[in-house]
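For reference, model01.cif is printed below; it contains mmCIF, C-alpha atoms.
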data_upload
#
loop_
_atom_site.group_PDB
_atom_site.id
_atom_site.type_symbol
_atom_site.label_atom_id
_atom_site.label_comp_id
_atom_site.auth_asym_id
_atom_site.auth_seq_id
_atom_site.Cartn_x
_atom_site.Cartn_y
_atom_site.Cartn_z
ATOM 1 C CA MET V 14 0.000 0.000 0.000
ATOM 2 C CA ASN V 15 2.815 2.403 0.861
ATOM 3 C CA THR V 16 4.435 1.661 -2.471
ATOM 4 C CA LEU V 17 1.215 2.439 -4.371
ATOM 5 C CA PHE V 18 0.774 5.707 -2.422
ATOM 6 C CA GLY V 19 4.390 6.631 -3.109
ATOM 7 C CA LEU V 20 3.945 6.061 -6.867
ATOM 8 C CA ARG V 21 0.913 8.353 -6.957
ATOM 9 C CA LYS V 22 2.871 11.101 -5.222
ATOM 10 C CA ASN V 23 5.741 10.597 -7.673
ATOM 11 C CA ARG V 24 3.413 10.895 -10.685
ATOM 12 C CA LYS V 25 2.054 14.187 -9.424
ATOM 13 C CA LEU V 26 5.532 15.422 -8.615
ATOM 14 C CA THR V 27 6.860 14.254 -11.985
ATOM 15 C CA ALA V 28 4.005 15.961 -13.856
ATOM 16 C CA LEU V 29 4.469 19.186 -11.880
ATOM 17 C CA THR V 30 8.227 19.099 -12.483
ATOM 18 C CA ALA V 31 7.720 18.529 -16.218
ATOM 19 C CA VAL V 32 5.320 21.476 -16.546
ATOM 20 C CA ALA V 33 7.566 23.791 -14.511
ATOM 21 C CA GLY V 34 10.621 22.672 -16.472
ATOM 22 C CA ALA V 35 8.922 23.281 -19.822
ATOM 23 C CA ALA V 36 7.809 26.742 -18.707
ATOM 24 C CA PHE V 37 11.328 27.584 -17.501
ATOM 25 C CA VAL V 38 12.948 26.380 -20.732
ATOM 26 C CA GLY V 39 10.426 28.321 -22.829
ATOM 27 C CA VAL V 40 10.936 31.551 -20.864
ATOM 28 C CA SER V 41 14.688 31.108 -20.860
ATOM 29 C CA ALA V 42 14.894 30.411 -24.567
ATOM 30 C CA PHE V 43 12.669 33.305 -25.576
ATOM 31 C CA GLY V 44 14.119 35.668 -22.996
ATOM 32 C CA VAL V 45 17.700 35.028 -24.082
ATOM 33 C CA THR V 46 16.825 35.190 -27.741
ATOM 34 C CA ALA V 47 14.897 38.410 -27.388
ATOM 35 C CA ALA V 48 17.472 40.092 -25.148
ATOM 36 C CA ASN V 49 20.772 38.937 -26.631
ATOM 37 C CA ALA V 50 20.183 38.061 -30.255
ATOM 38 C CA ALA V 51 20.497 40.460 -33.141
ATOM 39 C CA PRO V 52 17.174 41.470 -34.646
ATOM 40 C CA ALA V 53 15.934 38.841 -37.035
ATOM 41 C CA ALA V 54 15.567 39.797 -40.653
ATOM 42 C CA VAL V 55 11.941 40.016 -41.683
ATOM 43 C CA ALA V 56 11.209 37.999 -44.780
ATOM 44 C CA PRO V 57 9.215 39.881 -47.377
ATOM 45 C CA VAL V 58 5.586 38.868 -47.481
ATOM 46 C CA LYS V 59 3.957 38.395 -50.830
ATOM 47 C CA ALA V 60 0.814 40.410 -51.320
ATOM 48 C CA ALA V 61 -2.307 38.297 -51.302
ATOM 49 C CA HIS V 62 -3.769 37.527 -54.702
ATOM 50 C CA THR V 63 -6.712 39.915 -54.773
ATOM 51 C CA SER V 64 -8.367 38.527 -57.860
ATOM 52 C CA GLN V 65 -11.041 35.907 -57.415
ATOM 53 C CA VAL V 66 -9.416 33.892 -60.183
ATOM 54 C CA ALA V 67 -6.715 31.640 -58.751
ATOM 55 C CA GLN V 68 -4.938 28.454 -59.671
ATOM 56 C CA ALA V 69 -7.117 25.377 -59.219
ATOM 57 C CA PRO V 70 -5.391 23.077 -56.688
ATOM 58 C CA GLU V 71 -6.708 24.844 -53.573
ATOM 59 C CA MET V 72 -9.872 22.973 -52.588
ATOM 60 C CA GLU V 73 -12.780 23.819 -50.320
ATOM 61 C CA GLN V 74 -15.326 21.394 -48.906
ATOM 62 C CA ALA V 75 -17.454 20.285 -51.855
ATOM 63 C CA ILE V 76 -21.085 19.371 -51.273
ATOM 64 C CA PHE V 77 -22.024 19.077 -54.963
ATOM 65 C CA HIS V 78 -20.061 19.198 -58.211
ATOM 66 C CA GLY V 79 -20.373 18.678 -61.939
ATOM 67 C CA SER V 80 -19.667 20.142 -65.370
ATOM 68 C CA THR V 81 -21.628 22.473 -67.605
ATOM 69 C CA LYS V 82 -21.275 25.304 -70.095
ATOM 70 C CA GLY V 83 -20.927 28.861 -68.877
ATOM 71 C CA SER V 84 -21.658 32.165 -70.571
ATOM 72 C CA TYR V 85 -21.271 35.682 -69.212
ATOM 73 C CA PHE V 86 -23.431 38.651 -68.252
ATOM 74 C CA TRP V 87 -23.375 41.973 -66.424
ATOM 75 C CA ASP V 88 -26.645 43.389 -65.050
ATOM 76 C CA ASP V 89 -25.941 46.881 -63.755
ATOM 77 C CA ALA V 90 -29.438 48.298 -64.456
ATOM 78 C CA SER V 91 -28.114 50.305 -67.408
ATOM 79 C CA GLY V 92 -30.294 48.606 -70.014
ATOM 80 C CA ARG V 93 -27.256 47.845 -72.226
ATOM 81 C CA GLN V 94 -26.582 44.453 -73.841
ATOM 82 C CA GLY V 95 -29.842 42.881 -72.695
ATOM 83 C CA ASP V 96 -29.398 44.072 -69.118
ATOM 84 C CA THR V 97 -32.602 43.336 -67.228
ATOM 85 C CA GLY V 98 -31.958 45.441 -64.129
ATOM 86 C CA LEU V 99 -30.341 44.847 -60.793
ATOM 87 C CA PRO V 100 -29.603 41.232 -59.832
ATOM 88 C CA ALA V 101 -32.419 39.225 -58.202
ATOM 89 C CA ILE V 102 -30.588 38.898 -54.876
ATOM 90 C CA GLY V 103 -30.882 42.660 -54.311
ATOM 91 C CA LYS V 104 -27.135 43.358 -54.329
ATOM 92 C CA PRO V 105 -25.408 45.465 -56.961
ATOM 93 C CA MET V 106 -23.680 43.670 -59.830
ATOM 94 C CA GLN V 107 -20.147 42.730 -58.836
ATOM 95 C CA LYS V 108 -17.304 40.412 -59.585
ATOM 96 C CA GLY V 109 -18.112 36.909 -58.349
ATOM 97 C CA LEU V 110 -21.896 37.319 -58.723
ATOM 98 C CA PHE V 111 -23.046 34.509 -61.013
ATOM 99 C CA SER V 112 -26.453 33.627 -62.344
ATOM 100 C CA SER V 113 -28.146 30.212 -62.265
ATOM 101 C CA PRO V 114 -31.461 29.192 -63.790
ATOM 102 C CA SER V 115 -32.286 26.942 -60.819
ATOM 103 C CA TRP V 116 -29.921 27.009 -57.822
ATOM 104 C CA PRO V 117 -31.006 28.797 -54.628
ATOM 105 C CA LEU V 118 -29.989 32.447 -54.427
ATOM 106 C CA GLY V 119 -26.980 32.813 -52.149
ATOM 107 C CA THR V 120 -25.425 29.471 -53.184
ATOM 108 C CA GLU V 121 -21.615 29.646 -53.012
ATOM 109 C CA GLY V 122 -18.817 27.741 -54.671
ATOM 110 C CA TYR V 123 -16.217 27.963 -57.394
ATOM 111 C CA ILE V 124 -15.675 27.042 -61.009
ATOM 112 C CA ILE V 125 -12.562 25.707 -62.709
ATOM 113 C CA TYR V 126 -11.620 26.510 -66.298
ATOM 114 C CA LYS V 127 -8.305 25.356 -67.777
ATOM 115 C CA GLY V 128 -6.698 25.161 -64.320
ATOM 116 C CA LYS V 129 -7.996 28.552 -63.163
ATOM 117 C CA LYS V 130 -10.383 28.779 -60.243
ATOM 118 C CA ALA V 131 -12.981 31.486 -59.641
ATOM 119 C CA LYS V 132 -15.209 31.802 -56.584
ATOM 120 C CA PHE V 133 -18.869 32.685 -57.000
ATOM 121 C CA PHE V 134 -22.166 33.250 -55.278
ATOM 122 C CA ILE V 135 -25.514 32.937 -57.046
ATOM 123 C CA GLY V 136 -27.143 36.347 -57.127
ATOM 124 C CA ASP V 137 -29.303 36.364 -60.244
ATOM 125 C CA ARG V 138 -31.397 34.222 -62.585
ATOM 126 C CA GLY V 139 -30.287 33.060 -65.991
ATOM 127 C CA PRO V 140 -29.224 32.180 -68.516
ATOM 128 C CA GLY V 141 -32.747 31.982 -69.861
ATOM 129 C CA VAL V 142 -33.063 30.536 -73.371
ATOM 130 C CA PRO V 143 -29.421 29.294 -73.484
ATOM 131 C CA SER V 144 -30.134 27.034 -70.486
ATOM 132 C CA GLU V 145 -32.325 24.945 -72.788
ATOM 133 C CA SER V 146 -29.105 24.092 -74.676
ATOM 134 C CA GLY V 147 -27.068 23.198 -71.580
ATOM 135 C CA VAL V 148 -25.609 26.632 -70.698
ATOM 136 C CA MET V 149 -26.350 26.495 -66.980
ATOM 137 C CA LEU V 150 -24.220 29.237 -65.439
ATOM 138 C CA ASP V 151 -23.855 32.912 -66.281
ATOM 139 C CA ILE V 152 -20.455 34.097 -65.080
ATOM 140 C CA ASP V 153 -19.953 37.777 -64.327
ATOM 141 C CA GLY V 154 -18.212 39.400 -67.314
ATOM 142 C CA LYS V 155 -15.094 40.473 -65.433
ATOM 143 C CA THR V 156 -14.396 36.949 -64.168
ATOM 144 C CA PHE V 157 -15.184 35.481 -67.600
ATOM 145 C CA ALA V 158 -12.613 37.832 -69.154
ATOM 146 C CA GLU V 159 -9.947 36.772 -66.634
ATOM 147 C CA LEU V 160 -10.669 33.083 -67.117
ATOM 148 C CA THR V 161 -10.499 33.267 -70.912
ATOM 149 C CA GLY V 162 -7.534 35.649 -71.139
ATOM 150 C CA GLY V 163 -9.639 38.489 -72.488
ATOM 151 C CA SER V 164 -10.412 41.990 -71.321
ATOM 152 C CA TRP V 165 -13.612 43.482 -69.962
ATOM 153 C CA ASN V 166 -15.008 46.501 -71.819
ATOM 154 C CA THR V 167 -16.990 48.594 -69.322
ATOM 155 C CA ASN V 168 -18.507 50.710 -72.105
ATOM 156 C CA THR V 169 -20.017 47.845 -74.086
ATOM 157 C CA LEU V 170 -20.297 45.294 -71.232
ATOM 158 C CA THR V 171 -18.566 42.700 -73.408
ATOM 159 C CA VAL V 172 -15.483 40.510 -73.185
ATOM 160 C CA GLU V 173 -12.920 41.288 -75.868
ATOM 161 C CA ASN V 174 -9.646 39.760 -77.041
ATOM 162 C CA ASN V 175 -10.421 36.223 -75.867
ATOM 163 C CA GLY V 176 -10.779 34.528 -79.249
ATOM 164 C CA ASP V 177 -14.513 35.261 -79.351
ATOM 165 C CA GLU V 178 -15.277 32.702 -76.656
ATOM 166 C CA GLY V 179 -18.818 33.287 -75.436
ATOM 167 C CA HIS V 180 -19.503 29.849 -73.973
ATOM 168 C CA ILE V 181 -16.922 27.758 -72.126
ATOM 169 C CA GLU V 182 -16.899 24.248 -70.646
ATOM 170 C CA ILE V 183 -16.432 24.526 -66.875
ATOM 171 C CA ASP V 184 -16.377 22.342 -63.797
ATOM 172 C CA TYR V 185 -18.350 23.676 -60.852
ATOM 173 C CA VAL V 186 -18.156 22.948 -57.144
ATOM 174 C CA VAL V 187 -20.872 24.016 -54.703
ATOM 175 C CA THR V 188 -19.533 24.609 -51.186
ATOM 176 C CA LYS V 189 -22.715 26.024 -49.612
ATOM 177 C CA TRP V 190 -26.342 25.992 -50.698
ATOM 178 C CA GLY V 191 -28.094 29.342 -50.453
ATOM 179 C CA LYS V 192 -31.189 30.004 -48.388
ATOM 180 C CA GLY V 193 -32.996 31.892 -51.170
ATOM 181 C CA PRO V 194 -35.523 30.493 -53.606
ATOM 182 C CA GLY V 195 -34.294 27.779 -55.943
ATOM 183 C CA THR V 196 -33.610 24.059 -56.162
ATOM 184 C CA LYS V 197 -30.525 22.206 -54.921
ATOM 185 C CA GLY V 198 -28.827 19.635 -57.137
ATOM 186 C CA ALA V 199 -28.033 19.487 -60.832
ATOM 187 C CA PRO V 200 -28.778 22.751 -62.641
ATOM 188 C CA GLN V 201 -32.091 22.785 -64.485
ATOM 189 C CA PRO V 202 -33.225 24.957 -67.406
ATOM 190 C CA PHE V 203 -34.924 28.237 -66.587
ATOM 191 C CA SER V 204 -38.176 27.044 -68.193
ATOM 192 C CA SER V 205 -38.433 24.234 -65.570
ATOM 193 C CA GLY V 206 -39.407 26.825 -62.954
ATOM 194 C CA ALA V 207 -36.929 25.264 -60.491
ATOM 195 C CA TRP V 208 -35.778 28.790 -59.590
ATOM 196 C CA ARG V 209 -39.065 29.257 -57.707
ATOM 197 C CA GLY V 210 -37.930 26.622 -55.184
#
In C-alpha cells, write the structure found in this file.
Amino acid sequence: MNTLFGLRKNRKLTALTAVAGAAFVGVSAFGVTAANAAPAAVAPVKAAHTSQVAQAPEMEQAIFHGSTKGSYFWDDASGRQGDTGLPAIGKPMQKGLFSSPSWPLGTEGYIIYKGKKAKFFIGDRGPGVPSESGVMLDIDGKTFAELTGGSWNTNTLTVENNGDEGHIEIDYVVTKWGKGPGTKGAPQPFSSGAWRG
C-alpha cells in the first residue's frame, strides 16, 4: 500500500516538475533570444492575390459538383446588352456574382476553367433561353474575361480579345447551398421553374 501511495505522489511530482521545467525552458529560450540576439531579418511577405481567379489546386469542402457550359453577363441596371436590371438577390452587380437558372440564391462555390479557379455566389437568374441548350451558369463578365484571357469593356459590357469565346466548358463545385428560392442539385433549365424553389 505504501508503495502504491508513493507512486501516486511521484506521478504528481513528476508531472508538476515537467510542466515547470517546460515553462522555464520556454521563458529562458525566448528571454535570451529576445534580449541577446540580433534582430531577425523580416522575410518579405507576398501580397495576397486579390483577384477571385486563382490556380485550381486549392480545394474547399465540396457538397455538390459537376460540369456544364458557362456564358457571361453583367446586369448593372443600365439597359445595355440585354441588361434586365439589378440582380435578383438585391445586391449590386459585382465580380463573383453569377447567375443560375435553378440554384437557390446565395449558393456559393467555385468554377474551374483550364486550371484557373474562380469563386462565385448565385445572385441572379439566368441564362434563360441558353439554359435549354445546356448553358447552366452565367459568369460575371469580369471573371469570364480573366478566365479566358480576355479583357472586360466597361462601355459595351462585353469581353474582348479572348478569341470570341462566349460559352466555355467549366467544372463547378458548390460549397454552400443558399437560403434563397431555388432548387438544390443538378442545374435545371430556366423554363423548368426550379428557380421558384
Excluding V:Gln107 and its own-chain neighbours fewer than 2 positions away, which residues fall within 10 Å of it when counting only C-alpha atoms? Please give them as a compact mmCIF listing (two decimals) with C-alpha atoms, in the frame of the given file.
# COMPACT_ATOMS: atom_id res chain seq x y z
CA TRP V 87 -23.38 41.97 -66.42
CA ASP V 88 -26.64 43.39 -65.05
CA ASP V 89 -25.94 46.88 -63.76
CA PRO V 100 -29.60 41.23 -59.83
CA LYS V 104 -27.14 43.36 -54.33
CA PRO V 105 -25.41 45.46 -56.96
CA GLY V 109 -18.11 36.91 -58.35
CA LEU V 110 -21.90 37.32 -58.72
CA PHE V 111 -23.05 34.51 -61.01
CA GLY V 136 -27.14 36.35 -57.13
CA ASP V 153 -19.95 37.78 -64.33
CA GLY V 154 -18.21 39.40 -67.31
CA LYS V 155 -15.09 40.47 -65.43
CA THR V 156 -14.40 36.95 -64.17
Best match for closeness to V:Asp184 among V:Tyr123, V:Asp151, V:Val172, V:Gly141, counting only C-alpha atoms: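 Answer, going by the shortest atom-to-atom distance: V:Tyr123.
In this model, the gap between atom CA of V:Val186 and atom CA of V:Phe133 comes to 9.8 Å.
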For the file shown, what are the residues hit by the PyMOL selection byres ((chain V and resi 199-209) around 12), laid out as a PyMOL selection string? chain V and resi 76-83+101+112-118+135-151+185-187+191+193-198+210
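For the atom pair formed by atom CA of V:Glu121 and atom CA of V:Met106, the distance is 15.7 Å, given to one decimal.
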Interatomic distance (Å, one decimal) between atom CA of V:Ile181 and atom CA of V:Ile124: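 Value for the atom CA of V:Ile181-atom CA of V:Ile124 distance: 11.2 Å.
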Please determine, counting all atoms listed in the file, which residue among V:Lys108, V:Lys192, V:His180, V:Lys132 has the shortest atom-to-atom distance to V:Glu73. V:Lys132
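Of the listed residues V:Gly103, V:Ile152, V:Ser84, V:Asp177, the one whose atoms come nearest to V:Ala131 is V:Ile152, with distances taken using all atoms listed in the file.
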Which residues are close to V:Asn168, i.e. within 10 Å by all atoms listed in the file, leaving aside same-chain residues fewer than 3 positions away? Reply as a list of chain:residue names. V:Arg93, V:Trp165, V:Thr171
The centre and edge lengths of an axis-aligned box containing all atoms of stretch 122-139 of chain V present in the file, extended by 6 Å on each side, are to be given in Å to one decimal, as AutoDock Vina command-line options.
--center_x -19.0 --center_y 30.8 --center_z -61.2 --size_x 36.7 --size_y 23.2 --size_z 25.1
